[in-house]
Amino acid sequence: MTTAIPKASWPSGYRREWLRPDVIAGVTTAAVVIPKAMAYASIAGLPVNMGLYVALVPMLVYALLGTSRPLSVSSTSTIAILTAGQLAAAVPNGSPMELATAAAALALLTGAVLLLAGFLRLGFLANFISDPVLTGFKAGLGAVIVASQLPALLGLPIDHSGFFQDIWDLLQHLAEIDTQTLILAVCMFVLIFGLERFVPRAPAPLMAIVLGIASSGLLGLSQSGVAVVGRIPAGLPLPDFPDMSLIGSLWPGALGIALMSFIESIAAGHAFTRAHDSLPVPNRELVALGAANIAGGCFQAFPAGGGTSQTAVNSGAGARTQAAALVTVLLVATTLLVLAPVFSLLPQAVLAAIVVTTSLSLLGTKDFRAISRVRLTELLWALAASAGVIILGTLEGILVAVAISVMTLFYEANHPPLYALGRKPGTGVFRPLTGEHPGDEVIPGLLIVRTEGRMTFASAPRVRERLWKLIDEVRPQVLLLECSAIPDFEYTALRALMGLEEKLGERGIALWLATLNPEALRVVRRSPLGEILGPDRMFHNLREAVDAYENRSSTGTPAPHVRTETRA
């Protein structure tokens, strides 16, 4: 797979009939991207124009380099809240200018991490966060985002300082709620939820912004104490290489944001890939997202990534190629050039309402219920990831999520499934001995056991422990290990199997192996165990092994096994 800077392939094969659906999709997506980008800048604690910058430059670069047709790259609630957490840690009590400079440096550093990961072909790392853990992580982020927006919804001048502290400060200042701000926020919620419920194709966030600006201008809300966005610099962002003096304090956040940007982008790209589309190429996506973030950092943007909701809109509106994203970019640029003074009238409560309604999907219980129906253990992991974000903070929550995912791998590696097999009456079919099939045959003197997964130093002790428990219960003449689900034996596990064979021999029990996979067979044959077992105790398949045992039993021939003396 190439690690060079990818080139756009769609322009060379572009068809005239794709132009109309691409334009329609680009305009429709812009109606969602523009208000949400401003809202995400608000979450990050940055001027709203930076939200438009992140929907301008990174989206343009990704459209030229990315491999996913529908992916719409600007920012997401996850990236915005992670950015806010990192800026609060790196530039505590910073001025708007200092925060903006640090955010651009963070975008540049995030892009460098993504680009390096692409060149090193590390796309597989996205698999190290499981879906349940990611669900819990996002739910925790949703709770943090909603809590951070409550002061703006209620007109309370409370600074964000952590989930529990925010809730406590809010309770302490309930008597100071601004009534006009609260009424405006309630009206925005009614409008957004009403449109989404009864007119789902309407751009609810954009309509909320239009109504909010109109109300602010006609009723003079800012003079009545309702906080507004304030002055937005008009014009396109100019090149400005960010100050990288904060690199020492920004790099931990850049690693976490790069990981989440890639995971969210890949997930969104896969989710909305059509049957005739090629899937996103992970390593090329890393390079494209890295270049998009580096370019954004050089044009005063904060970190970017692919958003699920805007990608869904882009795909659903009929985008045929990345040209749809170029149309969205054109409308964002028009907004910056023409409409910036109008957006300065936008009440903060309207932005907060958009943020909350956007983030509520993260708090849904649907995914948690789906996980609980399958495995309770993974539900606990999801809840632990949520608690990590809420209690420890967003950036620390990433570490918790990754740690839980890695611990899950270790746990699974240490606890492979192992079960005895019985024969379905009247057939040659063997299946696990469970309460589901109480009539399955158990062959006297023969214990058939299957385990799954590569046998390693981590799994061997657990397998050996459970094997001895079954052996002590059944007291067989032959232990037949069915190996079809074992791709390979690691050296330590092979030594453990040799030790098991020796201990069994001392008890007069023979170890047989059946259905060895090619690599596992090669490893066994090259070890002393292969010489000890020989062809008499290694079989091509399970039926052959069982037939051999039954034939020996019917003729009174003892099952072959090793000498009982201890071998050097």
# chains A, B, ... in the order shown; residues from 1 in each chain; ligands from 1
>>> residues_around(residues="Gly248 in chain A", least_positions_apart="6", cutoff="12 Å", atoms="only C-alpha atoms", output="list in words")
Gln86, Ala89, Ala90, Ala102, Ala105, Leu106, Leu109 and Ala254 of chain A
>>> residues_around(residues="range 488-504 of chain A", least_positions_apart="5", cutoff="10 Å", atoms="only C-alpha atoms", output="PyMOL selection string")
chain A and resi 453-461+463-464+467-468+471+477-479+483+509-512+516-524+527-530+532-533+561-567
>>> select_by_dssp(residues="range 270-376 of chain A", states="helix (DSSP H, G or I)", output="VMD selection string")
chain A and resid 270 to 271 282 to 297 308 to 316 323 to 343 348 to 363 366 to 374 376
>>> residues_around(residues="Pro47 in chain A", least_positions_apart="5", cutoff="10 Å", atoms="only C-alpha atoms", output="ChimeraX atom specification")
/A:38-42,52,96-97,99-100,229-233
>>> write_last_selection(atoms="C-alpha atoms", output="short mmCIF file (atom, residue, chain, number, x, y, z; two decimals), in the first residue's frame")
data_model
loop_
_atom_site.label_atom_id
_atom_site.label_comp_id
_atom_site.auth_asym_id
_atom_site.auth_seq_id
_atom_site.Cartn_x
_atom_site.Cartn_y
_atom_site.Cartn_z
CA MET A 38 -19.56 27.48 14.74
CA ALA A 39 -21.06 25.44 17.56
CA TYR A 40 -18.01 23.20 17.75
CA ALA A 41 -15.75 26.24 17.97
CA SER A 42 -17.89 27.33 20.89
CA LEU A 52 -15.69 28.26 9.80
CA PRO A 96 -8.83 34.50 22.92
CA MET A 97 -5.74 35.26 20.83
CA LEU A 99 -6.16 30.14 22.67
CA ALA A 100 -6.51 30.61 18.91
CA VAL A 229 -21.34 35.89 19.63
CA GLY A 230 -19.95 39.34 19.02
CA ARG A 231 -17.66 40.59 16.30
CA ILE A 232 -16.53 38.01 13.74
CA PRO A 233 -13.57 39.02 11.56
#
>>> atom_distance(atom1="CA of Asn314 in chain A", atom2="CA of Ala208 in chain A")
19.9 Å
>>> closest_atom_pairs(of="range 104-158 of chain A", to="range 283-297 of chain A", cutoff="7 Å", atoms="only C-alpha atoms", output="tab-separated table")
residue	atom	partner	partner_atom	distance
A:Ala104	CA	A:Gly297	CA	4.3
A:Ala105	CA	A:Gly297	CA	6.0
A:Ala107	CA	A:Gly297	CA	4.8
A:Leu108	CA	A:Ile294	CA	4.4
A:Thr110	CA	A:Asn293	CA	6.6
A:Gly111	CA	A:Gly290	CA	3.8
A:Ala112	CA	A:Gly290	CA	6.0
A:Leu114	CA	A:Gly290	CA	4.6
A:Leu115	CA	A:Gly290	CA	4.5
A:Ala117	CA	A:Leu286	CA	6.6
A:Gly118	CA	A:Asn283	CA	4.7
A:Arg121	CA	A:Asn283	CA	5.5
A:Leu122	CA	A:Asn283	CA	6.7
A:Gly123	CA	A:Asn283	CA	5.0
>>> atom_distance(atom1="CA of Ala420 in chain A", atom2="CA of Gly439 in chain A")
14.3 Å
>>> residues_around(residues="range 69-82 of chain A", least_positions_apart="5", cutoff="6 Å", atoms="only C-alpha atoms", output="ChimeraX atom specification")
/A:40,43-44,54-55,59,269,304-307,311,315,321-322,394
>>> atom_distance(atom1="CA of Ala214 in chain A", atom2="CA of Pro347 in chain A")
10.1 Å
>>> closest_residue(among="A:Val133, A:Val57, A:Val474, A:Ala514", to="Ala384 in chain A", atoms="only C-alpha atoms")
A:Val133
>>> closest_residue(among="A:Pro151, A:Gly140, A:Pro535, A:Pro242", to="Ala352 in chain A", atoms="only C-alpha atoms")
A:Pro151
